[in-house]
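What follows is the content of upload20.txt, which has compact mmCIF, C-alpha atoms:
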# COMPACT_ATOMS: atom_id res chain seq x y z
CA MET A 117 -13.63 -34.29 9.91
CA LEU A 118 -16.23 -31.54 9.86
CA LEU A 119 -17.32 -32.37 6.31
CA ALA A 120 -18.55 -35.83 7.42
CA LEU A 121 -21.11 -34.29 9.80
CA PRO A 122 -24.76 -33.54 8.93
CA TYR A 123 -25.40 -30.09 7.46
CA THR A 124 -26.89 -28.48 10.60
CA GLU A 125 -24.26 -30.01 12.85
CA PHE A 126 -21.58 -28.88 10.40
CA LEU A 127 -22.77 -25.26 10.60
CA ARG A 128 -22.98 -25.39 14.38
CA ARG A 129 -19.46 -26.78 14.72
CA LEU A 130 -18.17 -24.36 12.11
CA ALA A 131 -19.34 -21.39 14.19
CA GLU A 132 -17.18 -22.43 17.13
CA PRO A 133 -14.31 -19.99 17.81
CA ARG A 134 -11.72 -22.75 17.56
CA ASN A 135 -12.84 -23.81 14.09
CA ILE A 136 -13.11 -20.20 12.91
CA ALA A 137 -9.56 -19.55 14.08
CA ASP A 138 -8.45 -22.76 12.35
CA ILE A 139 -9.94 -21.67 9.01
CA VAL A 140 -8.54 -18.13 9.29
CA LEU A 141 -5.03 -19.41 10.02
CA VAL A 142 -5.15 -21.80 7.06
CA PHE A 143 -6.38 -18.97 4.84
CA LEU A 144 -3.55 -16.68 5.97
CA LEU A 145 -0.99 -19.45 5.43
CA VAL A 146 -2.21 -20.21 1.90
CA TYR A 147 -2.45 -16.50 1.09
CA GLY A 148 1.10 -15.91 2.29
CA VAL A 149 2.44 -18.79 0.19
CA LEU A 150 0.61 -17.60 -2.93
CA LYS A 151 1.85 -14.06 -2.38
CA LEU A 152 5.44 -15.28 -2.14
CA VAL A 153 5.34 -17.39 -5.32
CA ARG A 154 3.42 -14.85 -7.40
CA GLY A 155 5.56 -13.49 -10.19
CA THR A 156 8.47 -15.87 -9.50
CA ARG A 157 9.70 -19.02 -11.17
CA ALA A 158 7.99 -21.01 -8.40
CA ALA A 159 4.54 -20.36 -9.92
CA PRO A 160 5.03 -22.35 -13.18
CA MET A 161 6.91 -25.09 -11.29
CA ALA A 162 4.03 -25.40 -8.84
CA ALA A 163 1.63 -25.65 -11.78
CA GLY A 164 3.78 -28.45 -13.23
CA ILE A 165 3.71 -30.39 -9.95
CA ALA A 166 -0.07 -29.92 -9.77
CA ALA A 167 -0.37 -31.26 -13.33
CA LEU A 168 1.60 -34.38 -12.36
CA ALA A 169 -0.67 -34.91 -9.35
CA PHE A 170 -3.73 -34.57 -11.58
CA LEU A 171 -2.33 -37.14 -14.06
CA ARG A 172 -1.67 -39.49 -11.15
CA TRP A 173 -5.30 -39.17 -10.00
CA PHE A 174 -6.59 -39.56 -13.58
CA SER A 175 -4.51 -42.67 -14.24
CA ARG A 176 -5.83 -44.33 -11.10
CA LYS A 177 -9.42 -43.39 -11.88
CA GLU A 178 -9.27 -44.65 -15.48
CA ASP A 179 -7.11 -47.67 -14.60
CA LEU A 180 -4.16 -46.68 -16.77
CA ALA A 181 -1.69 -49.10 -15.24
CA THR A 182 1.48 -48.05 -17.06
CA LEU A 183 0.97 -44.33 -16.51
CA GLU A 184 0.07 -44.95 -12.88
CA PHE A 185 3.21 -47.03 -12.37
CA VAL A 186 5.47 -44.35 -13.85
CA LEU A 187 3.87 -41.49 -11.93
CA SER A 188 3.78 -43.44 -8.66
CA GLY A 189 7.55 -43.90 -8.85
CA ALA A 190 8.08 -40.23 -9.67
CA LEU A 191 5.84 -38.93 -6.90
CA LEU A 192 7.81 -40.86 -4.30
CA TYR A 193 10.54 -38.24 -4.66
CA ILE A 194 8.25 -35.23 -4.95
CA GLY A 195 9.16 -34.07 -1.44
CA PHE A 196 12.86 -33.93 -2.26
CA ALA A 197 12.07 -32.23 -5.58
CA ILE A 198 10.08 -29.51 -3.82
CA ILE A 199 12.98 -28.78 -1.45
CA VAL A 200 15.49 -28.58 -4.32
CA LEU A 201 13.31 -26.57 -6.72
CA PHE A 202 11.89 -24.17 -4.17
CA GLN A 203 14.89 -23.73 -1.88
CA SER A 204 15.18 -19.98 -2.48
CA GLU A 205 11.44 -19.43 -2.01
CA ILE A 206 11.43 -21.56 1.16
CA ARG A 207 14.40 -19.62 2.52
CA GLN A 208 12.72 -16.31 1.74
CA ALA A 209 9.44 -17.45 3.34
CA LEU A 210 11.16 -18.57 6.55
CA THR A 211 13.16 -15.34 6.69
CA THR A 212 10.02 -13.23 6.24
CA PHE A 213 8.15 -15.28 8.83
CA GLY A 214 10.99 -14.96 11.33
CA ASN A 215 11.32 -11.20 10.84
CA ARG A 216 7.62 -10.64 11.46
CA PHE A 217 7.45 -12.71 14.64
CA ARG A 218 10.74 -11.91 16.32
CA LEU A 219 9.77 -8.34 17.19
CA PRO A 220 8.70 -9.19 20.78
CA LEU A 221 11.96 -11.09 21.31
CA ALA A 222 14.57 -8.80 19.80
CA ARG A 223 15.03 -5.14 19.07
CA ARG A 224 14.92 -4.17 15.44
CA HIS A 225 17.79 -2.15 14.00
CA HIS A 226 15.91 0.20 11.69
CA GLY A 227 17.60 3.54 11.48
CA GLN A 228 20.75 2.45 13.23
CA PHE A 229 22.99 4.78 11.24
CA GLY A 230 21.57 8.20 11.87
CA GLU A 231 20.63 10.75 9.25
CA GLY A 232 24.16 11.89 8.44
CA VAL A 233 25.30 8.44 7.31
CA TYR A 234 22.37 8.10 4.93
CA ASP A 235 23.35 11.41 3.37
CA GLU A 236 26.88 10.07 2.87
CA ILE A 237 25.44 7.17 0.84
CA VAL A 238 23.19 9.44 -1.21
CA LEU A 239 25.99 11.90 -1.94
CA ALA A 240 28.36 9.10 -2.96
CA ALA A 241 25.75 7.53 -5.24
CA THR A 242 24.96 10.82 -7.00
CA THR A 243 28.65 11.60 -7.45
CA LEU A 244 29.36 8.19 -8.95
CA ALA A 245 26.29 8.48 -11.18
CA SER A 246 27.46 11.83 -12.55
CA VAL A 247 30.63 10.21 -13.92
CA LYS A 248 28.95 6.89 -14.83
CA THR A 249 30.94 4.83 -12.34
CA GLY A 250 29.23 1.58 -11.38
CA ALA A 251 28.51 0.92 -7.72
CA LEU A 252 26.59 -1.52 -5.55
CA ILE A 253 25.94 -0.72 -1.89
CA VAL A 254 24.07 -3.21 0.30
CA ILE A 255 22.66 -2.04 3.65
CA GLU A 256 22.09 -4.70 6.29
CA ARG A 257 18.84 -4.62 8.28
CA ASN A 258 17.66 -7.47 10.52
CA VAL A 259 19.04 -10.48 8.65
CA GLY A 260 22.80 -10.66 9.06
CA LEU A 261 25.04 -10.48 5.99
CA LYS A 262 28.13 -11.97 7.62
CA ASN A 263 28.27 -14.80 5.07
CA LEU A 264 28.49 -12.22 2.29
CA SER A 265 30.97 -9.93 4.01
CA ASP A 266 33.21 -12.88 4.88
CA GLY A 267 33.55 -13.61 1.18
CA GLY A 268 34.84 -10.11 0.43
CA VAL A 269 37.66 -7.94 1.70
CA LYS A 270 36.99 -6.99 5.30
CA LEU A 271 37.38 -3.30 6.11
CA ASN A 272 35.37 -2.52 9.26
CA ALA A 273 35.82 1.17 8.46
CA GLU A 274 33.77 4.23 9.30
CA LEU A 275 31.29 4.93 6.54
CA SER A 276 32.03 8.10 4.63
CA TYR A 277 31.50 9.69 1.25
CA ASP A 278 35.23 9.78 0.48
CA LEU A 279 35.72 6.10 1.25
CA LEU A 280 32.76 4.98 -0.86
CA VAL A 281 33.90 7.01 -3.87
CA SER A 282 37.44 5.69 -3.47
CA ILE A 283 36.31 2.06 -3.28
CA PHE A 284 34.30 2.25 -6.52
CA ASN A 285 37.01 4.07 -8.44
CA PRO A 286 37.62 1.85 -11.50
CA ALA A 287 41.35 2.05 -10.85
CA ALA A 288 40.97 0.75 -7.29
CA PRO A 289 41.41 -3.00 -6.65
CA LEU A 290 38.17 -3.21 -4.62
CA HIS A 291 35.81 -1.60 -7.14
CA ASP A 292 34.52 -4.93 -8.50
CA GLY A 293 31.77 -6.29 -6.28
CA ALA A 294 29.50 -4.87 -3.60
CA VAL A 295 30.07 -2.88 -0.44
CA VAL A 296 28.27 -4.31 2.60
CA ILE A 297 27.26 -1.82 5.28
CA GLN A 298 26.53 -3.04 8.79
CA ARG A 299 25.29 -0.43 11.22
CA HIS A 300 27.38 2.71 10.71
CA ARG A 301 30.43 0.97 9.23
CA ILE A 302 31.58 -0.52 5.96
CA ALA A 303 31.99 -4.17 6.91
CA ALA A 304 33.53 -5.34 3.63
CA ALA A 305 34.09 -4.46 0.00
CA SER A 306 34.45 -6.49 -3.19
CA CYS A 307 31.69 -8.85 -2.02
CA PHE A 308 29.97 -11.09 -4.55
CA LEU A 309 26.23 -11.56 -4.20
CA PRO A 310 23.80 -14.25 -5.37
CA LEU A 311 22.12 -13.40 -8.66
CA THR A 312 18.34 -13.43 -8.96
CA LEU A 313 16.75 -16.19 -11.05
CA ASN A 314 13.60 -14.21 -11.81
CA PRO A 315 12.92 -14.77 -15.55
CA ARG A 316 10.65 -11.73 -15.83
CA LEU A 317 13.34 -9.12 -15.32
CA SER A 318 14.17 -6.72 -18.10
CA LYS A 319 17.06 -7.66 -20.36
CA ASP A 320 18.46 -4.18 -19.76
CA LEU A 321 19.44 -5.12 -16.21
CA GLY A 322 23.04 -6.23 -15.91
CA THR A 323 24.86 -8.38 -13.40
CA ARG A 324 25.12 -5.57 -10.84
CA HIS A 325 21.34 -5.02 -10.79
CA ARG A 326 20.58 -8.75 -10.75
CA ALA A 327 22.93 -9.19 -7.79
CA ALA A 328 21.15 -6.39 -5.92
CA ILE A 329 17.78 -8.01 -6.59
CA GLY A 330 19.12 -11.42 -5.60
CA VAL A 331 20.43 -10.33 -2.20
CA THR A 332 17.18 -8.50 -1.39
CA GLU A 333 15.20 -11.60 -2.33
CA ASP A 334 17.22 -13.81 0.02
CA THR A 335 17.43 -11.28 2.90
CA ASP A 336 15.67 -8.15 4.11
CA ALA A 337 18.61 -5.96 3.10
CA VAL A 338 18.22 -2.99 0.75
CA ALA A 339 20.61 -2.03 -2.03
CA VAL A 340 21.64 1.08 -3.93
CA VAL A 341 22.88 0.53 -7.49
CA VAL A 342 24.58 2.93 -9.87
CA SER A 343 24.62 1.84 -13.50
CA GLU A 344 27.97 2.00 -15.25
CA GLU A 345 26.36 2.22 -18.70
CA THR A 346 23.62 4.82 -18.10
CA GLY A 347 24.57 6.46 -14.79
CA LEU A 348 21.06 5.80 -13.45
CA ILE A 349 20.58 5.29 -9.71
CA SER A 350 18.37 2.42 -8.58
CA PHE A 351 17.03 1.36 -5.20
CA VAL A 352 16.18 -2.30 -4.54
CA GLN A 353 14.05 -3.69 -1.72
CA GLU A 354 12.42 -7.13 -1.39
CA GLY A 355 13.33 -7.98 -4.97
CA HIS A 356 11.65 -4.86 -6.40
CA ILE A 357 13.74 -2.25 -8.17
CA LYS A 358 13.10 1.49 -8.55
CA ARG A 359 15.18 3.02 -11.33
CA GLY A 360 16.11 6.54 -12.37
CA LEU A 361 16.11 8.09 -8.90
CA ASP A 362 17.60 11.48 -8.09
CA ALA A 363 19.18 12.41 -4.76
CA THR A 364 15.88 13.44 -3.16
CA LYS A 365 14.00 10.30 -4.20
CA LEU A 366 16.89 8.04 -3.23
CA ARG A 367 17.13 9.63 0.18
CA ALA A 368 13.37 9.28 0.70
CA ALA A 369 13.45 5.63 -0.39
CA ILE A 370 16.27 4.80 2.03
CA PHE A 371 14.58 6.62 4.91
CA GLN A 372 11.25 4.92 4.22
CA ALA A 373 12.76 1.44 3.90
CA LEU A 374 14.75 1.77 7.12
CA GLU A 375 12.01 3.65 8.96
CA VAL A 376 14.05 6.71 9.80
CA ALA A 377 12.22 9.96 10.34
CA PRO A 378 13.72 13.01 8.61
CA LYS A 379 15.47 15.51 10.87
CA LYS A 380 12.64 18.06 10.69
CA ALA A 381 10.08 15.46 11.69
CA ARG A 382 12.26 14.31 14.59
CA ASP A 383 12.72 17.92 15.73
CA LYS A 384 8.95 18.50 15.67
CA LEU A 385 8.39 15.31 17.62
CA ALA A 386 11.00 16.32 20.19
CA ASP A 387 9.45 19.79 20.52
CA ALA A 388 6.02 18.27 21.02
CA GLU A 389 7.33 15.96 23.72
CA THR A 390 9.04 18.91 25.44
CA GLU A 391 5.83 20.95 25.40
CA THR A 392 3.90 18.00 26.81
CA GLU A 393 6.41 17.64 29.65
CA GLU A 394 6.22 21.37 30.44
CA ILE A 395 2.43 21.31 30.53
CA ALA A 396 2.50 18.23 32.77
CA SER A 397 4.94 19.89 35.17
CA MET A 398 2.72 22.97 35.43
Can you give me the file's structure in the form of C-alpha cells?
Amino acid sequence: MLLALPYTEFLRRLAEPRNIADIVLVFLLVYGVLKLVRGTRAAPMAAGIAALAFLRWFSRKEDLATLEFVLSGALLYIGFAIIVLFQSEIRQALTTFGNRFRLPLARRHHGQFGEGVYDEIVLAATTLASVKTGALIVIERNVGLKNLSDGGVKLNAELSYDLLVSIFNPAAPLHDGAVVIQRHRIAAASCFLPLTLNPRLSKDLGTRHRAAIGVTEDTDAVAVVVSEETGLISFVQEGHIKRGLDATKLRAAIFQALEVAPKKARDKLADAETETEEIASM
C-alpha cells in the first residue's frame, strides 16, 4: 500500500508511529522465525520450498506451460506440506512465544525445588558417572511434562540421592528410560522421550543424549545425562548440549538455567534487606 505512493508521501507516511511499529513488529517476527530454523532441518526444507516458488514464477514468466501446470498442482498443497514438515519447529515456536508472553498472567516456577534438591541431582549424577552407569534426568520448568510422565511408571516420590541411584541401577527394572522431575518430586521413571531429528549432531551421541536434546527442543525442560560408555556428564537446554561437566559446573548450569541464586548470594540479599529495614525503622 505504501509502496504505491509518491516518494515524498511515502517517506512522510513511513515516519508515522503506526507504520514504524508495523515495520518493527514484522522485523521481529521474521528475525524470530529465522533464529528458530537456523541450524535445524527446517532451513534446507525452507530453501527447497523457496526454490519451488521461484520455479513457479519462472515458468509463468517464460510461458512454460507444462512446468507451470505441474508446479501449480503441487503448490496447492504447500500449506499442508508446511504443517507436516515443520510441525516440530511450529510447536517449538508456539511454546517459546507462549512462555515469553504468559509472565503477566501466571507465576513462573523457576527454582521451585530449593537448593538442597539440586544438590541431590548433582550428587546422584556424579556418583553414577564414577561407575559409568547411564542416566537421564529431565527437570520440568514451565511447560508441563504430564504426557511424558504418563507414559512411564508413576512414582510421585520425594526426590533424593538414594532413590535416583537406585532407579538407574542396571539391575533395577526402571533403569531404562528417563526420570521426570516435577517440582520437588520424582513424577515418573522409565519414561521414553522423543528423539531429536537434528542432522548436525555428532555421531558420538547415543540414544540417551538424543532423547535429552529432543525433549528440550519440544519443551523448555532441562536434562542431565550421564553417558554409560564414557561416564561423562552432560547438561542439555533448548536443544544445546554441554558435555564433560564436573559437579561444580553441573550445579552452576542447573542453577543458571532455573534461575536459582546460590545460598551465599541469597544470604547476602537477605542481610541487605534486613539492614535496609533496620535503617528505615531508625
**Prompt:** Taking into account all atoms listed in the file, which residue in the set A:Glu184, A:Glu375, A:Asp334, A:Asp320 is nearest to Leu168 in chain A?
**Reply:**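 Among the listed residues, A:Glu184 lies closest to Leu168 in chain A.
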**Message:** To one decimal place in Å, what is the distance between CA of Gln298 in chain A and CA of Tyr234 in chain A?
**Reply:**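 Between these atoms lies a distance of 12.5 Å.
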**Request:** Measure the distance from CA of Phe185 in chain A to CA of Trp173 in chain A in Å and round it to one decimal.
**Result:**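 According to the coordinates, CA of Phe185 in chain A and CA of Trp173 in chain A are separated by 11.8 Å.
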**Asn263 in chain A environment, 12 Å, only C-alpha atoms, sequence neighbours closer than 5 positions dropped, as a PyMOL selection string** = chain A and resi 256+268+270+296+303-304+307-310+331+335
Find the smallest box with edges along x, y and z containing every listed atom of range 264-278 of chain A, then add 3 Å on each side and report centre and edge lengths in Å to one decimal, as AutoDock Vina command-line options.
--center_x 33.1 --center_y -1.9 --center_z 4.9 --size_x 15.2 --size_y 29.4 --size_z 14.9
Contacts between range 343-359 of chain A and range 237-315 of chain A, please, where a residue of range 237-315 of chain A counts if it comes within 6 Å (with only C-alpha atoms); show its shortest atom pair and distance in Å to one decimal, rows by chain and ascending number, as a Markdown table.
| residue | atom | partner | partner_atom | distance |
| --- | --- | --- | --- | --- |
| A:Ala245 | CA | A:Gly347 | CA | 4.5 |
| A:Lys248 | CA | A:Gly347 | CA | 4.4 |
| A:Thr249 | CA | A:Glu344 | CA | 5.0 |
| A:Gly250 | CA | A:Glu344 | CA | 4.1 |
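Using all atoms listed in the file, the nearest neighbour of Arg367 in chain A within the list A:Val340, A:Ala287, A:Ala251, A:Ile302 is A:Val340.
Note that CA of Lys262 in chain A and CA of Asn285 in chain A are 24.4 Å apart.
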**Asked** Which of these residues is nearest to Pro315 in chain A, using all atoms listed in the file: A:Pro160, A:Ala294, A:Val149, A:Thr124?
**Response** A:Pro160
**Request:** Go through A:Ser175, A:Thr182, A:Thr332, A:Ser306 one by one, measure the shortest atom-to-atom distance of each to Ile255 in chain A using all atoms listed in the file, and give the residue with the smallest value.
**Result:** A:Thr332
